[in-house]
Structure formats: structure tokens, C-alpha cells
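Right, one structure below, let's go through it.
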Amino acid sequence: MFLKQMFWIVGVLVLLLGTGRSTAQDTPTLRELAEQNNIYIGTAVYTYHLDDPVHVETLGREFNMLTPENEAKACVIQPEQGKFNFEPFDELVAFAEDHDMVVHGHTLVWHQCMPDWLQNGDFSREEAIQILKDHISTVVGHYKGRVKIWDVVNEAIAGSGTGLRETPWQRWIGDDYLDLAFQFAHEADPDALLFYNDYGAEGIGAKSDAVYELVKGLVERDVPINGVGLQMHITVKDTVSELGGRVAPEKLRQNIERLGELGLQVQITEMDVAFLGQFTEEIRQQQAGDFRRVMETCLNTEACTAFITWGVSDKLSWLRDPQYSDNPNNAPLLFDESYQPKPAYYAVLDLLARQAGLEPILSDDEVAVMMSSTGAAADIPEPTKSDPAQLAPDSVPGVAYYAPFPVAITLDGQTDDWANIPRVTVDSGPVLPADNDTSMIFAVAADAKMLYFLAEVQDSKLVYGTHDPASEWYLEDSVEFYLNTTGDLKLAAYEPGVVQLGLPAANLTQPEQPLFGGGNSADAQVSVVAVETETGYRVEASVPLLTKVWLLKPKHLKPLGFQVALNGSSGTDRDTKLIWSVYDTQDQSWSNPSLFGQLIFWDVKR
């Protein structure tokens, strides 16, 4: 077979959906059609947004639910113990009431927005319970009958889904702080709907399983909980089933349904669709498809009662802050910087119209382009060697790497023992500065006990030692190797046997223990040697073929999921991201192993 790639094509269709359409008076609005579908359509708002007449007009016209972006969080609403500042949130609630909007209060308990007096306090269990009760009772009581829904606890599950996150509340009180928080909120307003809210738990995987078990336990203990919020901060194509998307409709539907079977409502609470690179017409259509798939799944799942975007206009999105995104020009919402509706807006509007039995807003052809899988599909050709001396065939660019075995490798920072092992250059990716001079050459091999990686990085300015190598290694010069040893190459979420190994250039300091991070990296038992070179740095690393979570038996032509990436920095933050796999155009391999390419073992003795 020959290598094939399927690219997204707009073709001859003229689909300039972001222009040429308007929200004229005779065009239905999102909120009008949402109400006909018996669902809330909401968005997040800061109080200062109300100073902009265009923002105000769009907000009131298009949405029937309002979420305070920060005004209801403890760090804002109780800056000093016992002293509450209700004014900012009062203004938002008044706006919502004037515009017949439901208020979704966000959030009563969150470890990342605690006032200093609380964050830095040292309280006994009894003192902390009283503080928790006073805060919740005062805030919920102040808005009794006015705020219909509360996110009582936000993001209590660890990002990896391993259990409850260690937070000050958990440390002071214990795991039952959640039970108490919901109970206090119910006592303050028995008619309010009480939600647990979290990120990364939208599809089926370790995080969503942990959230399910958490809320299932609350229900079984008769804790007054009414629903779960799925944040839905995603990246373009995360919803595409053909690409193993982590929020593919069937996975989202299954998750919503199992939560519904507990008697809980589910709401999409913070949706936006980020991307890397330029906001091309292709990305616009892909983004529209993502919004449409999520809304369609919500509409067709009985338990889903609201669809909330995390902001109105792209110009005010949190994803334009370099603290949260590598793309300062991110455009993740339904309205652009000028409050003009984007293809994503029309994708949702059209779906709501069709579901209500009304005339479609878009043509079937326009919808088909949005819903195209737009993925790269590749077959692996017959292996060939461009150099007969090679120990393994040439790689298939971005798709497959042939790793020879058995080959004797020593981790010493030298490359003599890597002779005749195929090299692959990685010099492109989703984040590239205009003057980029960074690239990487990698190779992989195995012997009877270990799998070995080599990365030779060209980088004119080495930046390391500026961030925590365990948690922020990716913000400075570092290489990444990924493995999926489970045998399921379509797996779209991390589980034991899938590992991301982030190896920072800080290993040049020759620490006593190797420096590394990444998803499930503690399972890999990695060894690392790094040396500086004339043009950058070199990393050699190895992982055992046998660990507590995998058993690798190299066999001729046996494939593993595999990925390689490079992070580059010229200052205090990452400004370069190079990726090998053609399937990952948006730097999502850290969460979705279906975007890996393949490592294929090649027996040199055959």
C-alpha cells in the first residue's frame, strides 16, 4: 500500500459563514430557540463587561442564563474574614433579573480562589467547618430566591482522576467537606439547585469515572446534590469520533446518561473551543462542528439542561492570557472581537432550529462541511531502507517509526552506539516564533530489558532551571516521548500503560535523580542522561520493558502508540512547540493518546 493522507477541503463551496449573515430582527436568537427546546443557553460575564453597550446588547439578546466569571468566588466576595463584598455580583444578578435570565452561581468552594486570610490560615477541623458554614450560608442566604443554581464545589477531583485533590478544605476538615458544603447550601436556600463542577470529565475516562464515583457517593449518602457541571474547555476536533476525540459524542452521551441515572441534571458549564496556529477558515469550520456536536448531544440526552459558553466575545476570552494558552489570538467563542456571529454560532442556531421543527438556518451542505472529520488518515506503506546499512526501515513521516531490536545501548550521552539506527527530524509544530532556529532529531531502539530514546536538539539559547521540573517542565526547553502500551491504539484517554515523559534540559545539571514530569510518568521508571552540545543539547533516556503497568515484548512488526515533541523557550515561557505525529495538530497528546503515531519494532536478526 502507499501512504495516503486525507486533508480537509472546503472545495468549491462558498462558505463564508462568518460574513454575509447577520442577527437581523427577523432572525431568531439563540435564547428564543433554546427556550423552544426547553434548555438554557448561558454565558459567563464579568461586571465590567456591562460597561460596553454592544456586549450588553448581545448578552441580553442571545442568552437566557448568566454565570458570574469571578464575582461569586470567595476571593472576591469575602476578601476579609466576615466582611462580604456583594456589590459586583449584585450588579450581575440585577442585570439578569432585568433581562429575564437565570443566574448560575459560580462558585462557593474552589481551592484556586481563596482570599489570603483563608488560604494562609491554620484552622482546626471545628474552626474550618464554622468558616465554611458562615461563608456558604451568608452568600447563598444573601441571594436566596434570586440565584437558582449554585456550583457548590468546583474541581475537587485531582486532574489525573486519582481521587480527591488535596486542598486547604480537605486538609482542615477531611473528605467530608463536600458533604458539609452541600448541606450548608441547601439549608441556606432549599429551593436552589446544587451542582458539582469540574473540568476534563466530559467523556469517559479516569477523571470522569472519579467524578461519577464522587457524586454517586453523595447521592447514596443523601447529600442534597442536584447536578453535575461539565466544563467543556476543549480544543478543535476533540469531539470527532473518527479521530478518537476525548469528547466524542458517544463518550459524552454515555457519561451524561450515567449521571442522569443517578437522578442528577447535567449542564455544559464553561464551553469554549481553543486552537493553536492561525484562525483559518478550516479551523472556523472545525470549531463550529465541535460546538454543534456538543449541543446536539446535550439536546438528545434527557439529563442535560443547559449549555453555557465561557464568555460572549473572543476579545475577552481567558484563553488570550499567556498564563492559560500559547495562542494570544485564540478565538474560542460564538462571537468574534466585533461581536459578529461566527460559524460556531450558526452551527448551534441551526441545530436548535431544526430540533424545534423550524426552517433550517444553514443548508445541508454547509452543515456537512462543519461536521466533516477533517482528520489525517494514513496507511503505512511496505517498509523500505534508503540506506542498506540501516538497522531498521525508514520511518513514515509523522505516522510510524521503526525501532530496531535487540541493539546494545549505553546511557552515557554519546552516540557511537546509535550508529545506523534511523534518525528522524522534527522541525514543525503548532507554536513557532518567526525566527525559530530550534529542531530535534530523535531515534528509538530496544534490547532485552530496556527501550531507549535519543533526542539531539538544536537550540541556540538554552533555557532551563526557571520552572519546577516536576510540574512546569514544558514551559522551558524540554523533550517529550510518549508511549501507549495498552494495545488499543484508538484509546482516547490516559489510563495505566499510557505515559507522557517530559524530560527537561535541566537534566544537564546532572541531578542525583532524573528530572521528569508528564501524565503517568511516575510509572515509567525512566533513566536520563543529558549533555550540552555545540548546537544545543542531547538527551538519552530509557524505560524498562517490564514495569508495574506494562510488559513489552518486542516482536517483529509489533506496533505501540508513540509520539515525540519538543518544547522551546527563549525567555520565561514556552514559545516553541514541535510535534512529530501528523494526527496531533493542536498539542493534545498530553490528554488524548489516539493522536499518537506508531512505534513498530524491527527485529535486526530476522
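FYI, nothing fancy with the C-alpha cells labels: chains A, B, ... in order, residues from 1 per chain, ligands from 1 as they appear.
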
| request: Could you give me, as JSON, numbers by chain, the residues within 8 Å of segment 469-481 of chain A, counting only C-alpha atoms and dropping anything in the same chain fewer than 2 positions from it? | output: {"A": [453, 455, 462, 463, 464, 465, 466, 467, 483, 500, 501, 502, 503, 504, 505, 506, 515, 516, 517, 518, 562, 563, 564, 565, 566, 567, 568, 569, 572, 573, 574]}

Output file for the residues above (N, CA, C and O atoms, as a compact mmCIF listing (two decimals), in the first residue's frame):
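Final output, selection_33.txt:
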```txt
# COMPACT_ATOMS: atom_id res chain seq x y z
N PHE A 453 15.58 5.97 24.15
CA PHE A 453 15.24 7.13 23.35
C PHE A 453 16.47 8.03 23.22
O PHE A 453 17.24 8.19 24.18
N ALA A 455 17.40 12.01 21.76
CA ALA A 455 16.96 13.28 21.19
C ALA A 455 18.16 14.20 21.10
O ALA A 455 18.83 14.47 22.10
N LEU A 462 19.72 28.00 25.36
CA LEU A 462 19.17 27.02 26.29
C LEU A 462 18.57 27.73 27.49
O LEU A 462 19.21 28.60 28.11
N VAL A 463 17.33 27.37 27.81
CA VAL A 463 16.63 27.94 28.96
C VAL A 463 16.15 26.79 29.84
O VAL A 463 15.34 25.97 29.41
N TYR A 464 16.68 26.71 31.04
CA TYR A 464 16.25 25.66 31.97
C TYR A 464 16.54 26.11 33.40
O TYR A 464 17.28 27.07 33.63
N GLY A 465 15.89 25.42 34.33
CA GLY A 465 16.07 25.76 35.73
C GLY A 465 15.25 26.94 36.19
O GLY A 465 15.44 27.44 37.30
N THR A 466 14.31 27.39 35.35
CA THR A 466 13.49 28.56 35.70
C THR A 466 12.11 28.18 36.20
O THR A 466 11.37 29.02 36.68
N HIS A 467 11.73 26.89 36.06
CA HIS A 467 10.42 26.41 36.50
C HIS A 467 10.57 25.10 37.26
O HIS A 467 11.62 24.45 37.19
N LEU A 483 4.30 6.98 25.10
CA LEU A 483 4.06 5.58 24.76
C LEU A 483 2.64 5.19 25.13
O LEU A 483 2.11 5.63 26.17
N GLN A 500 3.34 9.88 29.32
CA GLN A 500 3.97 11.07 28.74
C GLN A 500 5.23 11.33 29.55
O GLN A 500 5.17 11.52 30.77
N LEU A 501 6.40 11.31 28.90
CA LEU A 501 7.66 11.56 29.59
C LEU A 501 8.20 12.92 29.15
O LEU A 501 8.67 13.08 28.02
N GLY A 502 8.10 13.91 30.01
CA GLY A 502 8.66 15.23 29.76
C GLY A 502 10.04 15.31 30.40
O GLY A 502 10.16 15.23 31.62
N LEU A 503 11.07 15.45 29.58
CA LEU A 503 12.45 15.42 30.05
C LEU A 503 13.07 16.80 29.85
O LEU A 503 13.45 17.16 28.74
N PRO A 504 13.17 17.60 30.90
CA PRO A 504 13.66 18.97 30.76
C PRO A 504 15.17 19.02 30.53
O PRO A 504 15.93 18.15 31.00
N ALA A 505 15.59 20.07 29.84
CA ALA A 505 17.03 20.30 29.65
C ALA A 505 17.73 20.52 30.98
O ALA A 505 18.97 20.44 31.05
N ALA A 506 16.98 20.76 32.04
CA ALA A 506 17.57 20.91 33.37
C ALA A 506 18.34 19.67 33.80
O ALA A 506 19.15 19.73 34.74
N LEU A 515 15.25 14.36 36.35
CA LEU A 515 14.14 15.30 36.38
C LEU A 515 13.19 14.96 35.25
O LEU A 515 13.60 14.84 34.10
N PHE A 516 11.92 14.82 35.58
CA PHE A 516 10.93 14.49 34.56
C PHE A 516 9.54 14.80 35.07
O PHE A 516 9.32 15.00 36.27
N GLY A 517 8.58 14.84 34.15
CA GLY A 517 7.17 15.04 34.50
C GLY A 517 6.32 14.48 33.40
O GLY A 517 6.81 13.82 32.47
N GLY A 518 5.01 14.75 33.47
CA GLY A 518 4.10 14.27 32.45
C GLY A 518 3.12 13.25 32.98
O GLY A 518 3.30 12.67 34.06
N PHE A 562 2.91 5.89 19.87
CA PHE A 562 4.19 6.59 20.06
C PHE A 562 4.07 8.04 19.58
O PHE A 562 3.43 8.32 18.57
N GLN A 563 4.72 8.92 20.32
CA GLN A 563 4.71 10.34 19.97
C GLN A 563 5.99 10.99 20.49
O GLN A 563 6.57 10.53 21.49
N VAL A 564 6.43 12.03 19.81
CA VAL A 564 7.61 12.80 20.19
C VAL A 564 7.29 14.28 20.04
O VAL A 564 6.61 14.68 19.09
N ALA A 565 7.77 15.09 20.98
CA ALA A 565 7.54 16.53 20.89
C ALA A 565 8.71 17.28 21.52
O ALA A 565 9.51 16.70 22.28
N LEU A 566 8.79 18.54 21.21
CA LEU A 566 9.85 19.40 21.74
C LEU A 566 9.24 20.71 22.20
O LEU A 566 8.42 21.32 21.51
N ASN A 567 9.67 21.17 23.37
CA ASN A 567 9.29 22.48 23.89
C ASN A 567 10.52 23.38 23.88
O ASN A 567 11.59 22.97 24.33
N GLY A 568 10.36 24.60 23.38
CA GLY A 568 11.46 25.55 23.36
C GLY A 568 11.10 26.85 24.02
O GLY A 568 9.95 27.31 23.94
N SER A 569 12.05 27.45 24.69
CA SER A 569 11.83 28.73 25.36
C SER A 569 13.02 29.64 25.09
O SER A 569 14.17 29.19 25.07
N THR A 572 11.00 33.47 29.61
CA THR A 572 10.38 32.97 30.83
C THR A 572 9.25 31.98 30.56
O THR A 572 8.68 31.44 31.50
N ASP A 573 8.91 31.75 29.29
CA ASP A 573 7.79 30.89 28.97
C ASP A 573 8.06 30.17 27.66
O ASP A 573 8.95 30.55 26.89
N ARG A 574 7.30 29.13 27.38
CA ARG A 574 7.46 28.39 26.13
C ARG A 574 7.02 29.26 24.95
O ARG A 574 5.97 29.88 24.99
```

| task | Write out as a list in words all residues of segment 208-393 of chain A that DSSP puts in strand (DSSP E) for this structure's backbone. | result | Gly227, Val228, Gly229, Leu230, His233, Ile234, Thr235, Gln265, Val266, Gln267, Ile268, Thr269, Glu270, Met271, Asp272, Val273, Ala274, Cys304, Thr305, Ala306, Phe307, Ile308 and Thr309 of chain A

| task | Check the smallest atom-to-atom distance from each of A:Trp418, A:Trp580, A:Tyr401, A:Phe335 to Leu557 of chain A using only C-alpha atoms, then report the winner. | result |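 That would be A:Tyr401, the residue with the smallest distance to Leu557 of chain A.
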
| task | Just the residues within 7 Å of segment 586-603 of chain A, please, counting only C-alpha atoms, with nothing from its chain fewer than 4 positions along; format it as an NGL selection string. | result | :A and (243-244 or 246 or 275-276 or 392 or 398-406 or 430 or 484 or 489-494 or 500 or 519 or 554-563 or 581)

| task | Could you tell me how far atom CA of Gly42 of chain A lies from atom CA of His106 of chain A, in Å and to one decimal? | result |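 The value is 12.7 Å.
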